[in-house]
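Pasted below: coords-v5.txt, compact mmCIF, C-alpha atoms and all ligand atoms.
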```
# COMPACT_ATOMS: atom_id res chain seq x y z
CA MET A 26 96.70 87.78 20.46
CA ILE A 27 97.39 88.55 16.79
CA GLU A 28 94.74 89.17 14.19
CA LEU A 29 95.38 90.05 10.60
CA ARG A 30 92.37 91.30 8.67
CA ASP A 31 92.33 91.42 4.89
CA ILE A 32 96.01 92.23 4.58
CA VAL A 33 97.08 93.31 1.12
CA GLN A 34 100.71 94.14 0.39
CA THR A 35 101.53 95.48 -3.04
CA TYR A 36 105.07 96.50 -3.98
CA LYS A 37 106.10 98.71 -6.84
CA GLY A 38 108.02 96.27 -9.00
CA SER A 39 110.24 97.34 -11.91
CA SER A 40 107.71 95.90 -14.37
CA GLY A 41 104.53 96.88 -12.53
CA PRO A 42 102.93 96.23 -9.14
CA VAL A 43 103.77 92.99 -7.27
CA GLU A 44 100.96 91.62 -5.12
CA ALA A 45 102.91 89.89 -2.33
CA LEU A 46 99.88 89.46 0.00
CA ARG A 47 96.41 89.22 -1.50
CA GLY A 48 93.96 89.43 1.40
CA VAL A 49 95.42 87.48 4.31
CA ASN A 50 93.23 86.77 7.32
CA LEU A 51 94.84 85.08 10.28
CA GLU A 52 94.23 84.70 14.00
CA VAL A 53 96.92 83.58 16.42
CA LYS A 54 95.77 82.71 19.91
CA GLN A 55 97.50 83.69 23.13
CA GLY A 56 100.19 81.19 24.11
CA GLU A 57 100.26 79.11 20.94
CA VAL A 58 103.05 78.36 18.50
CA TYR A 59 101.68 79.25 15.09
CA GLY A 60 103.62 78.16 12.02
CA ILE A 61 103.36 79.85 8.63
CA ILE A 62 104.87 77.79 5.84
CA GLY A 63 105.33 78.46 2.17
CA ARG A 64 107.69 78.13 -0.75
CA SER A 65 110.14 80.82 -1.75
CA GLY A 66 108.33 83.92 -2.96
CA ALA A 67 105.00 82.91 -1.37
CA GLY A 68 104.93 86.04 0.77
CA LYS A 69 106.28 84.82 4.13
CA SER A 70 108.76 87.65 4.75
CA SER A 71 106.17 90.20 3.67
CA LEU A 72 103.74 88.68 6.16
CA VAL A 73 106.12 88.64 9.10
CA ARG A 74 107.17 92.23 8.41
CA VAL A 75 103.52 93.26 8.42
CA ILE A 76 102.94 91.74 11.88
CA ASN A 77 105.41 94.16 13.49
CA LEU A 78 104.66 96.85 10.92
CA LEU A 79 108.22 96.92 9.57
CA ASN A 80 106.13 96.93 6.39
CA ARG A 81 102.98 98.98 6.47
CA PRO A 82 100.34 96.96 4.56
CA THR A 83 98.79 98.53 1.49
CA SER A 84 95.43 97.80 3.13
CA GLY A 85 94.08 95.79 6.05
CA GLN A 86 94.46 95.83 9.80
CA VAL A 87 97.02 94.29 12.17
CA PHE A 88 95.86 93.71 15.74
CA VAL A 89 98.42 92.69 18.34
CA GLY A 90 97.10 92.36 21.91
CA GLY A 91 93.82 93.95 20.84
CA ARG A 92 95.42 97.12 19.39
CA ASP A 93 95.40 97.98 15.69
CA LEU A 94 99.05 98.77 14.92
CA THR A 95 98.16 100.35 11.58
CA THR A 96 96.64 103.29 13.48
CA LEU A 97 99.98 103.99 15.24
CA ASP A 98 103.13 105.73 14.12
CA GLY A 99 106.22 107.45 15.54
CA ASP A 100 106.84 106.89 19.27
CA ALA A 101 103.54 105.06 19.83
CA LEU A 102 104.51 102.48 17.21
CA ARG A 103 108.05 102.14 18.58
CA VAL A 104 106.69 101.44 22.07
CA ALA A 105 104.08 98.99 20.71
CA ARG A 106 106.85 97.12 18.85
CA ARG A 107 108.56 96.32 22.17
CA ASP A 108 105.76 93.80 22.68
CA ILE A 109 106.93 92.00 19.55
CA GLY A 110 110.36 90.33 19.60
CA ILE A 111 111.84 89.06 16.36
CA VAL A 112 114.49 86.46 15.55
CA PHE A 113 116.11 86.55 12.12
CA GLN A 114 117.58 83.91 9.83
CA HIS A 115 121.00 85.59 9.76
CA PHE A 116 120.95 86.56 13.44
CA ASN A 117 121.64 90.29 12.76
CA LEU A 118 124.08 90.60 15.69
CA LEU A 119 126.42 93.56 16.02
CA SER A 120 129.92 92.21 15.46
CA SER A 121 131.56 94.90 17.60
CA ARG A 122 129.49 93.99 20.67
CA THR A 123 129.91 91.05 23.00
CA VAL A 124 127.20 88.44 23.53
CA PHE A 125 126.12 90.29 26.69
CA ASP A 126 126.07 93.69 24.98
CA ASN A 127 124.09 92.38 22.00
CA VAL A 128 121.37 91.15 24.36
CA ALA A 129 121.54 94.43 26.30
CA LEU A 130 121.13 96.61 23.18
CA PRO A 131 117.30 96.82 23.06
CA LEU A 132 117.27 97.62 26.78
CA GLU A 133 119.77 100.45 26.28
CA ILE A 134 117.56 101.78 23.49
CA ALA A 135 114.54 101.54 25.78
CA GLY A 136 116.49 103.69 28.30
CA LEU A 137 117.00 101.20 31.16
CA GLY A 138 119.80 101.82 33.70
CA GLN A 139 122.92 99.64 33.97
CA SER A 140 121.83 97.67 37.04
CA GLU A 141 118.43 96.92 35.55
CA ILE A 142 120.05 95.84 32.29
CA GLN A 143 122.37 93.53 34.23
CA ALA A 144 119.41 92.07 36.14
CA ARG A 145 117.55 91.33 32.89
CA VAL A 146 120.35 90.12 30.67
CA GLU A 147 121.93 87.61 33.06
CA PRO A 148 118.84 85.39 33.45
CA LEU A 149 118.31 85.56 29.68
CA LEU A 150 121.85 84.32 29.03
CA GLU A 151 121.20 81.58 31.58
CA LEU A 152 117.95 80.66 29.79
CA VAL A 153 119.63 80.29 26.40
CA GLY A 154 122.68 78.54 27.90
CA LEU A 155 125.26 81.21 27.09
CA SER A 156 126.30 82.58 30.49
CA ALA A 157 129.83 81.22 30.03
CA LEU A 158 130.19 82.94 26.64
CA ARG A 159 128.93 86.37 27.70
CA ASP A 160 132.18 88.18 26.84
CA ARG A 161 132.72 86.57 23.44
CA PHE A 162 132.12 88.41 20.18
CA PRO A 163 129.80 87.03 17.46
CA ALA A 164 132.79 85.91 15.36
CA GLN A 165 133.89 83.68 18.26
CA ILE A 166 130.68 81.63 18.57
CA SER A 167 128.85 79.07 16.42
CA GLY A 168 125.72 79.66 14.31
CA GLY A 169 123.51 77.94 16.87
CA GLN A 170 125.02 80.05 19.66
CA LYS A 171 124.49 83.20 17.57
CA GLN A 172 120.83 82.31 17.24
CA ARG A 173 120.64 81.81 21.01
CA VAL A 174 121.94 85.36 21.38
CA GLY A 175 119.31 86.47 18.85
CA ILE A 176 116.58 84.78 20.91
CA ALA A 177 117.80 86.28 24.20
CA ARG A 178 117.92 89.71 22.55
CA ALA A 179 114.39 89.27 21.19
CA LEU A 180 113.16 88.46 24.70
CA ALA A 181 114.96 91.36 26.41
CA ASN A 182 111.98 93.73 26.30
CA ARG A 183 109.70 90.98 27.69
CA PRO A 184 107.56 90.84 24.55
CA LYS A 185 104.08 89.34 24.36
CA VAL A 186 104.82 87.88 20.94
CA LEU A 187 107.93 86.37 19.41
CA LEU A 188 108.27 86.29 15.62
CA SER A 189 110.73 83.84 14.14
CA ASP A 190 111.61 84.65 10.53
CA GLU A 191 113.31 81.49 9.19
CA ALA A 192 115.31 81.39 12.44
CA THR A 193 116.69 77.92 11.78
CA SER A 194 117.13 78.03 8.00
CA ALA A 195 120.86 78.72 8.22
CA LEU A 196 121.47 75.94 10.77
CA ASP A 197 122.25 72.24 10.46
CA PRO A 198 119.51 69.73 11.42
CA GLU A 199 120.83 69.02 14.92
CA THR A 200 121.27 72.71 15.78
CA THR A 201 117.83 73.36 14.29
CA ARG A 202 116.36 70.80 16.69
CA SER A 203 118.03 72.37 19.69
CA ILE A 204 116.95 75.92 18.73
CA LEU A 205 113.37 74.76 18.13
CA GLY A 206 113.50 72.94 21.48
CA LEU A 207 114.53 76.21 23.11
CA LEU A 208 111.67 78.10 21.44
CA LYS A 209 109.19 75.47 22.61
CA GLN A 210 110.61 75.66 26.14
CA ILE A 211 110.19 79.47 26.13
CA ASN A 212 106.64 79.06 24.85
CA ARG A 213 105.79 76.61 27.64
CA GLU A 214 107.59 78.34 30.50
CA PHE A 215 106.47 81.89 29.76
CA GLY A 216 103.28 81.25 27.79
CA LEU A 217 104.82 83.39 25.03
CA THR A 218 102.90 83.46 21.74
CA ILE A 219 105.26 82.47 18.91
CA VAL A 220 104.78 82.92 15.17
CA LEU A 221 107.22 80.91 13.09
CA ILE A 222 107.79 81.62 9.44
CA THR A 223 109.50 78.77 7.62
CA HIS A 224 109.80 76.86 4.37
CA GLN A 225 110.55 73.60 6.24
CA MET A 226 107.80 71.18 7.32
CA GLN A 227 110.29 69.72 9.83
CA VAL A 228 110.09 72.98 11.74
CA ILE A 229 106.29 72.98 11.74
CA LYS A 230 106.25 69.32 12.72
CA GLN A 231 108.54 69.82 15.67
CA VAL A 232 107.07 72.88 17.37
CA ALA A 233 103.90 74.34 15.89
CA ASP A 234 100.44 73.84 17.40
CA ARG A 235 98.66 75.22 14.35
CA VAL A 236 99.86 75.92 10.84
CA ALA A 237 98.87 78.10 7.90
CA VAL A 238 100.10 77.38 4.41
CA ILE A 239 100.77 80.45 2.28
CA ASP A 240 100.88 80.26 -1.49
CA ALA A 241 101.11 83.18 -3.93
CA GLY A 242 100.13 85.67 -1.23
CA ARG A 243 97.11 83.76 0.07
CA ILE A 244 96.54 81.41 3.00
CA VAL A 245 95.41 78.27 1.18
CA GLU A 246 95.05 75.96 4.16
CA SER A 247 95.22 76.21 7.94
CA GLY A 248 94.43 74.22 11.05
CA PRO A 249 95.92 72.15 13.88
CA VAL A 250 99.20 70.60 12.73
CA MET A 251 98.07 67.01 13.19
CA GLU A 252 94.91 67.62 11.17
CA VAL A 253 96.71 69.35 8.30
CA PHE A 254 99.39 66.66 8.19
CA THR A 255 96.92 63.80 8.08
CA ARG A 256 94.33 65.35 5.78
CA PRO A 257 96.10 67.92 3.60
CA GLN A 258 93.81 69.46 1.02
CA HIS A 259 95.89 71.81 -1.08
CA ALA A 260 98.58 70.68 -3.55
CA THR A 261 101.19 72.94 -1.93
CA THR A 262 100.52 71.42 1.50
CA LYS A 263 100.76 67.92 0.06
CA SER A 264 104.07 68.59 -1.60
CA LEU A 265 105.50 70.21 1.56
CA ILE A 266 104.45 67.20 3.66
CA ASP A 267 105.92 64.93 1.04
CA GLU A 268 109.33 66.23 2.08
CA ILE A 269 109.06 64.60 5.49
CA VAL A 270 106.72 61.69 4.91
CA PRO A 271 107.19 60.63 1.29
CA GLN A 272 103.88 59.85 -0.34
CA GLU A 273 105.25 58.01 -3.35
CA LEU A 274 105.57 54.26 -3.29
CA PRO A 275 109.01 53.08 -4.42
CA GLU A 276 109.24 51.00 -7.59
CA SER A 277 110.20 47.93 -5.52
CA VAL A 278 106.88 48.17 -3.67
CA LEU A 279 104.94 48.53 -6.90
CA ALA A 280 106.68 45.40 -8.18
CA ARG A 281 105.59 43.59 -5.03
CA ILE A 282 101.99 44.66 -5.59
CA ARG A 283 102.18 43.22 -9.12
CA THR A 284 103.48 39.94 -7.74
CA LEU A 285 100.74 39.81 -5.13
CA MET A 286 98.12 40.52 -7.78
CA SER A 287 99.46 37.90 -10.15
CA ALA A 288 98.91 35.28 -7.44
CA GLY A 289 95.31 35.48 -8.58
CA PRO A 290 92.25 37.00 -6.99
CA VAL A 291 91.02 35.51 -3.72
CA GLY A 292 87.70 37.23 -3.22
CA GLY A 293 88.53 40.91 -3.15
CA SER A 294 91.89 42.59 -2.90
CA GLN A 295 92.67 46.17 -2.23
CA LEU A 296 95.59 48.46 -1.85
CA LEU A 297 94.88 50.64 1.17
CA ARG A 298 96.70 53.71 2.31
CA LEU A 299 96.25 54.18 6.03
CA ALA A 300 97.05 57.47 7.72
CA PHE A 301 97.45 57.21 11.47
CA ALA A 302 97.40 60.16 13.82
CA GLY A 303 97.46 60.58 17.54
CA ALA A 304 97.31 58.23 20.46
CA GLY A 305 95.04 55.72 18.68
CA SER A 306 97.92 54.60 16.50
CA ASP A 307 99.39 52.76 19.49
CA ALA A 308 96.43 50.36 19.50
CA PRO A 309 96.95 46.93 17.83
CA LEU A 310 94.48 47.89 15.12
CA LEU A 311 95.89 45.83 12.26
CA SER A 312 96.07 42.55 14.16
CA ASP A 313 92.61 43.34 15.48
CA VAL A 314 91.05 43.66 11.99
CA ILE A 315 92.88 40.54 10.78
CA ARG A 316 91.43 38.51 13.66
CA ARG A 317 88.02 40.09 13.66
CA PHE A 318 87.31 39.97 9.92
CA GLY A 319 89.43 37.01 8.84
CA ILE A 320 91.33 38.94 6.16
CA ASP A 321 95.02 39.04 5.16
CA LEU A 322 97.01 42.24 5.43
CA SER A 323 100.52 42.69 4.06
CA ILE A 324 102.34 45.88 4.98
CA LEU A 325 104.09 47.03 1.80
CA HIS A 326 105.52 50.33 2.81
CA GLY A 327 105.29 52.77 5.63
CA GLN A 328 106.71 55.49 7.75
CA ILE A 329 105.73 56.38 11.28
CA ASP A 330 106.94 59.71 12.52
CA GLU A 331 106.08 61.83 15.52
CA ILE A 332 104.40 65.21 15.86
CA GLN A 333 104.88 66.74 19.29
CA GLY A 334 105.19 63.38 20.93
CA GLN A 335 102.20 61.89 19.09
CA PRO A 336 102.69 59.12 16.57
CA PHE A 337 101.86 60.04 13.01
CA GLY A 338 102.41 58.16 9.81
CA THR A 339 101.16 56.27 6.82
CA LEU A 340 101.16 52.63 5.81
CA ALA A 341 100.51 51.15 2.38
CA VAL A 342 98.76 47.86 3.04
CA PHE A 343 97.69 45.15 0.63
CA ALA A 344 94.45 43.62 1.89
CA ARG A 345 92.99 40.31 0.70
CA GLY A 346 89.83 38.49 1.65
CA ALA A 347 86.18 38.16 0.78
CA ARG A 348 84.64 41.46 -0.30
CA GLU A 349 82.28 41.97 2.64
CA PRO A 350 84.80 41.39 5.44
CA LEU A 351 87.20 43.67 3.57
CA GLN A 352 84.65 46.47 3.51
CA ALA A 353 83.83 45.84 7.18
CA ALA A 354 87.56 46.03 8.02
CA VAL A 355 87.89 49.37 6.21
CA ALA A 356 84.85 50.71 8.08
CA HIS A 357 86.32 49.47 11.36
CA LEU A 358 89.64 51.21 10.71
CA ARG A 359 87.84 54.44 9.85
CA ALA A 360 85.73 54.22 13.00
CA ALA A 361 89.00 53.90 14.95
CA GLY A 362 90.15 57.24 13.53
CA VAL A 363 92.42 55.96 10.76
CA ALA A 364 92.10 57.85 7.47
CA VAL A 365 91.74 55.08 4.88
CA GLN A 366 92.07 55.52 1.13
CA GLU A 367 91.20 52.55 -1.04
CA VAL A 368 92.42 51.61 -4.47
CA ILE A 369 90.46 48.60 -5.65
CA GLN A 370 92.70 46.28 -7.62
CA GLU A 371 90.95 44.07 -10.15
CA SER A 372 94.05 42.66 -11.83
CA ALA A 373 97.81 43.09 -12.04
CA SER A 374 97.45 45.33 -15.09
CA ALA A 375 95.29 47.67 -13.03
CA VAL A 376 98.20 48.62 -10.76
CA PRO A 377 98.20 52.38 -11.12
CA ALA A 378 101.18 54.33 -12.37
CA HIS A 379 103.68 55.55 -9.82
CA ARG A 380 102.38 59.11 -9.57
CA GLU A 381 98.74 58.08 -9.32
CA LEU A 382 99.51 55.88 -6.34
CA ALA A 383 101.38 58.72 -4.75
CA ASP A 384 98.27 60.83 -4.90
CA VAL A 385 96.17 58.29 -3.06
CA ARG A 386 95.23 59.71 0.32
N1 LIG A 401 110.52 95.33 -1.81
C1 LIG A 401 109.97 94.61 -2.78
N2 LIG A 401 109.73 95.17 -3.99
C2 LIG A 401 109.14 94.45 -4.98
N3 LIG A 401 108.77 93.17 -4.86
C3 LIG A 401 109.00 92.55 -3.68
C4 LIG A 401 109.62 93.24 -2.60
N4 LIG A 401 109.73 92.37 -1.55
C5 LIG A 401 109.21 91.20 -1.98
N5 LIG A 401 108.77 91.29 -3.24
C6 LIG A 401 108.09 90.25 -4.04
O1 LIG A 401 106.95 89.83 -3.31
C7 LIG A 401 106.76 88.43 -3.40
C8 LIG A 401 106.79 87.82 -1.99
O2 LIG A 401 108.08 88.00 -1.45
P1 LIG A 401 108.47 87.55 0.03
O3 LIG A 401 109.89 87.95 0.27
O4 LIG A 401 107.45 88.04 0.98
O5 LIG A 401 108.35 85.95 -0.10
P2 LIG A 401 108.98 84.81 0.81
O6 LIG A 401 107.94 83.76 0.90
O7 LIG A 401 109.48 85.39 2.10
O8 LIG A 401 110.19 84.30 -0.06
P3 LIG A 401 111.63 83.76 0.42
O9 LIG A 401 111.38 82.52 1.21
O10 LIG A 401 112.33 83.50 -0.89
O11 LIG A 401 112.24 84.86 1.24
C9 LIG A 401 107.86 87.92 -4.29
O12 LIG A 401 107.34 87.84 -5.60
C10 LIG A 401 108.93 89.01 -4.22
O13 LIG A 401 109.68 89.05 -5.40
```

Represent the supplied structure as structure tokens.
Amino acid sequence: MIELRDIVQTYKGSSGPVEALRGVNLEVKQGEVYGIIGRSGAGKSSLVRVINLLNRPTSGQVFVGGRDLTTLDGDALRVARRDIGIVFQHFNLLSSRTVFDNVALPLEIAGLGQSEIQARVEPLLELVGLSALRDRFPAQISGGQKQRVGIARALANRPKVLLSDEATSALDPETTRSILGLLKQINREFGLTIVLITHQMQVIKQVADRVAVIDAGRIVESGPVMEVFTRPQHATTKSLIDEIVPQELPESVLARIRTLMSAGPVGGSQLLRLAFAGAGSDAPLLSDVIRRFGIDLSILHGQIDEIQGQPFGTLAVFARGAREPLQAAVAHLRAAGVAVQEVIQESASAVPAHRELADVR
């Protein structure tokens, strides 16, 4: 549905050219929710503005629905842009217009008659849950309600693609959840392709099917959300995931490892970091390996979260037993789809420093 080919965006900065996008290639499929995440200054806004050609890229091509937008200008570009709705962080509502009239605005611009506008706007207000507030002005509604107006307005021209540029960044966590729930509902009900730009992994976690991580103007990692969350490769991805599933072991846990180690070696002992993903994490895997291989497992630390209804999480486990059954247990866990990282502990003094443990994946 969307394809970006070799997009370069260079701005004229006060102290020389600024390369905001350095050769971005991206493909968003019809009907998916595609998240683009990055830190401040990574190039997210530049990227989203390129998709609807609010910014013309310095070089590269932008295909939306099979058409290269960079070949269009004037009226042809304006008409093509109607296929691309956009929702902004600060809502961008007109304060002098009511909720109804804000949603109606793009339809007025497109030249629709009053009765047609009425017929389009009312179901949209119903969809976003604002029918009762149709005559209020932006100053008389909450931030979450303003964003609902923004979403209804973005859908008014029945776009094929919806871009969300940090749409929830100005909202509290609960309102964020409800707005993301609404976007997901729209995606499911209408099969609308959604591209979400965000700096929050929570947003990606809750609604995206696939994710691309942007860093210094380049896509450094991309893939299905579950895959990227469980096997992040790039340092930026790791640190962004760290915000929702902390990777560091607390000092109290490290102290417990030292105590366990000082009890003296019984065969082999290992600190394992297990990353679970998907339906398999419901299975009684740990009790199964304990029974099957006759080893001891102590859960030291863990966090199980959920990505789109699927369990996802990590456990730090201290494993003790004879060396061979331990290795067999690790192999068994891996065969069951658990990503296992091992840190072999020879003695208490070998307990790695805090940060090193955090990097174990
Ligand atoms: N009009 C401009 N002129 C010059 N430099 C710009 C311009 N717009 C953006 N930049 C620079 O391009 C780089 C990418 O900016 P961009 O706004 O795309 O990043 P971002 O990821 O959206 O950041 P944020 O989350 O802080 O909005 C930054 O270094 C920024 O300073």

| task | Show me which residues sit within 6 Å of ligand LIG 401 (chain A) when counting all atoms listed in the file, and put them as a ChimeraX atom specification. | result | /A:36-38,43,45,64-71

| request: Could you check how far atom CA of Pro350 of chain A sits from atom CA of Phe318 of chain A, in Å to one decimal? | output: 5.3 Å

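Of the listed residues (A:Leu297, A:Pro249, A:Gly338, A:Ile222), A:Gly338 comes nearest to Ile266 of chain A; the distances count all atoms listed in the file.
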
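Here atom CA of Gly91 of chain A stands at a distance of 6.8 Å from atom CA of Met26 of chain A.
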
Kindly provide the residues of segment 152-259 of chain A that approach segment 52-55 of chain A to within 12 Å, each paired with its closest atom pair and their distance in Å to one decimal, based on only C-alpha atoms, listed by chain and increasing number, as a Markdown table.
```
| residue | atom | partner | partner_atom | distance |
| --- | --- | --- | --- | --- |
| A:Lys185 | CA | A:Gln55 | CA | 8.8 |
| A:Val186 | CA | A:Gln55 | CA | 8.7 |
| A:Leu187 | CA | A:Gln55 | CA | 11.4 |
| A:Leu188 | CA | A:Val53 | CA | 11.7 |
| A:Asn212 | CA | A:Gln55 | CA | 10.4 |
| A:Arg213 | CA | A:Gln55 | CA | 11.8 |
| A:Phe215 | CA | A:Gln55 | CA | 11.3 |
| A:Gly216 | CA | A:Gln55 | CA | 7.8 |
| A:Leu217 | CA | A:Gln55 | CA | 7.6 |
| A:Thr218 | CA | A:Gln55 | CA | 5.6 |
| A:Ile219 | CA | A:Val53 | CA | 8.8 |
| A:Val220 | CA | A:Val53 | CA | 8.0 |
| A:Leu221 | CA | A:Val53 | CA | 11.1 |
| A:Ala233 | CA | A:Val53 | CA | 11.6 |
| A:Asp234 | CA | A:Lys54 | CA | 10.3 |
| A:Arg235 | CA | A:Val53 | CA | 8.8 |
| A:Val236 | CA | A:Val53 | CA | 9.9 |
| A:Ala237 | CA | A:Glu52 | CA | 10.1 |
| A:Ile244 | CA | A:Glu52 | CA | 11.7 |
| A:Ser247 | CA | A:Glu52 | CA | 10.5 |
| A:Gly248 | CA | A:Glu52 | CA | 10.9 |
| A:Pro249 | CA | A:Val53 | CA | 11.8 |
```

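For Gly99 of chain A, the non-local neighbours within 12 Å, defined as residues at least 6 positions apart in the same chain or in other chains and counting all atoms listed in the file, are Leu78, Ala105 and Arg106 of chain A.
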
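Here atom CA of Arg122 of chain A and atom CA of Pro163 of chain A stand 7.7 Å from one another.
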
For Ile239 of chain A: contacts at 7 Å, only C-alpha atoms, fewer than 4 positions along chain excluded, given as an mmCIF file with C-alpha atoms, keeping the file's coordinate frame:
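Dumped everything to out-v9.cif:
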```cif
data_model
loop_
_atom_site.group_PDB
_atom_site.id
_atom_site.type_symbol
_atom_site.label_atom_id
_atom_site.label_comp_id
_atom_site.auth_asym_id
_atom_site.auth_seq_id
_atom_site.Cartn_x
_atom_site.Cartn_y
_atom_site.Cartn_z
ATOM 1 C CA ILE A 61 103.360 79.850 8.630
ATOM 2 C CA ILE A 62 104.870 77.790 5.840
ATOM 3 C CA GLY A 63 105.330 78.460 2.170
ATOM 4 C CA ALA A 67 105.000 82.910 -1.370
ATOM 5 C CA ARG A 243 97.110 83.760 0.070
ATOM 6 C CA ILE A 244 96.540 81.410 3.000
ATOM 7 C CA VAL A 245 95.410 78.270 1.180
#
```

Please provide the set of residues having any atom within 8 Å of segment 165-179 of chain A, restricted to all atoms listed in the file, with same-chain residues fewer than 4 positions apart removed, written as a PDB file with C-alpha atoms, keeping the file's coordinate frame.
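This went into result-v2.pdb:
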```
ATOM      1  CA  GLY A 110     110.360  90.330  19.600  1.00  0.00           C
ATOM      2  CA  ILE A 111     111.840  89.060  16.360  1.00  0.00           C
ATOM      3  CA  VAL A 112     114.490  86.460  15.550  1.00  0.00           C
ATOM      4  CA  PHE A 113     116.110  86.550  12.120  1.00  0.00           C
ATOM      5  CA  PHE A 116     120.950  86.560  13.440  1.00  0.00           C
ATOM      6  CA  ASN A 117     121.640  90.290  12.760  1.00  0.00           C
ATOM      7  CA  LEU A 118     124.080  90.600  15.690  1.00  0.00           C
ATOM      8  CA  VAL A 124     127.200  88.440  23.530  1.00  0.00           C
ATOM      9  CA  ASN A 127     124.090  92.380  22.000  1.00  0.00           C
ATOM     10  CA  VAL A 128     121.370  91.150  24.360  1.00  0.00           C
ATOM     11  CA  ALA A 129     121.540  94.430  26.300  1.00  0.00           C
ATOM     12  CA  LEU A 130     121.130  96.610  23.180  1.00  0.00           C
ATOM     13  CA  PRO A 131     117.300  96.820  23.060  1.00  0.00           C
ATOM     14  CA  VAL A 146     120.350  90.120  30.670  1.00  0.00           C
ATOM     15  CA  LEU A 149     118.310  85.560  29.680  1.00  0.00           C
ATOM     16  CA  LEU A 150     121.850  84.320  29.030  1.00  0.00           C
ATOM     17  CA  LEU A 152     117.950  80.660  29.790  1.00  0.00           C
ATOM     18  CA  VAL A 153     119.630  80.290  26.400  1.00  0.00           C
ATOM     19  CA  GLY A 154     122.680  78.540  27.900  1.00  0.00           C
ATOM     20  CA  LEU A 155     125.260  81.210  27.090  1.00  0.00           C
ATOM     21  CA  ARG A 161     132.720  86.570  23.440  1.00  0.00           C
ATOM     22  CA  PRO A 184     107.560  90.840  24.550  1.00  0.00           C
ATOM     23  CA  LEU A 187     107.930  86.370  19.410  1.00  0.00           C
ATOM     24  CA  ALA A 192     115.310  81.390  12.440  1.00  0.00           C
ATOM     25  CA  ALA A 195     120.860  78.720   8.220  1.00  0.00           C
ATOM     26  CA  LEU A 196     121.470  75.940  10.770  1.00  0.00           C
ATOM     27  CA  THR A 200     121.270  72.710  15.780  1.00  0.00           C
ATOM     28  CA  THR A 201     117.830  73.360  14.290  1.00  0.00           C
ATOM     29  CA  ILE A 204     116.950  75.920  18.730  1.00  0.00           C
TER      30      ILE A 204
END
```

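The closest residue to Ile27 of chain A, picked from A:Met251, A:Leu207, A:Leu94, A:Val89 and counting all atoms listed in the file, is A:Val89.
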
| task | Kindly extract all protein, DNA and RNA residues lying within 12 Å of the coordinates (99.7, 70.2, -0.1) given in the file, considering all atoms listed in the file, and supply them as a PyMOL selection string. | result | chain A and resi 62-64+226+237-240+245-247+253-268+272+384+386

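Nearest residue to Arg159 of chain A among A:Ser140, A:Gln231, A:Gln333, A:Thr123 is A:Thr123, counting all atoms listed in the file.
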
With the cut-off set at 12 Å and counting all atoms listed in the file, tabulate each residue of segment 139-230 of chain A with an atom at most that distance from an atom of segment 327-331 of chain A, showing the nearest atom pair and its distance in Å to one decimal, ordered by chain and increasing number, as CSV.
```
residue,atom,partner,partner_atom,distance
A:Gln227,CA,A:Glu331,CA,10.6
A:Ile229,CA,A:Glu331,CA,11.8
A:Lys230,CA,A:Glu331,CA,8.0
```

| request: Check the smallest atom-to-atom distance from each of A:Ala302, A:Ala135, A:Leu51, A:Leu29 to Thr95 of chain A using all atoms listed in the file, then report the winner. | output: A:Leu29

Box along x, y and z, 6 Å on every side, all listed atoms of segment 151-157 of chain A inside: centre and edge lengths in Å to one decimal, as lines of an AutoDock Vina configuration file.
```
center_x = 123.9
center_y = 80.6
center_z = 29.0
size_x = 23.9
size_y = 16.0
size_z = 17.2
```

| message | At a cut-off of 9 Å, using all atoms listed in the file, what residues contact Leu72 of chain A? Leave out same-chain residues fewer than 6 positions from it and give the result as a PyMOL selection string. | response | chain A and resi 32+34+45-46+49+80+222+242
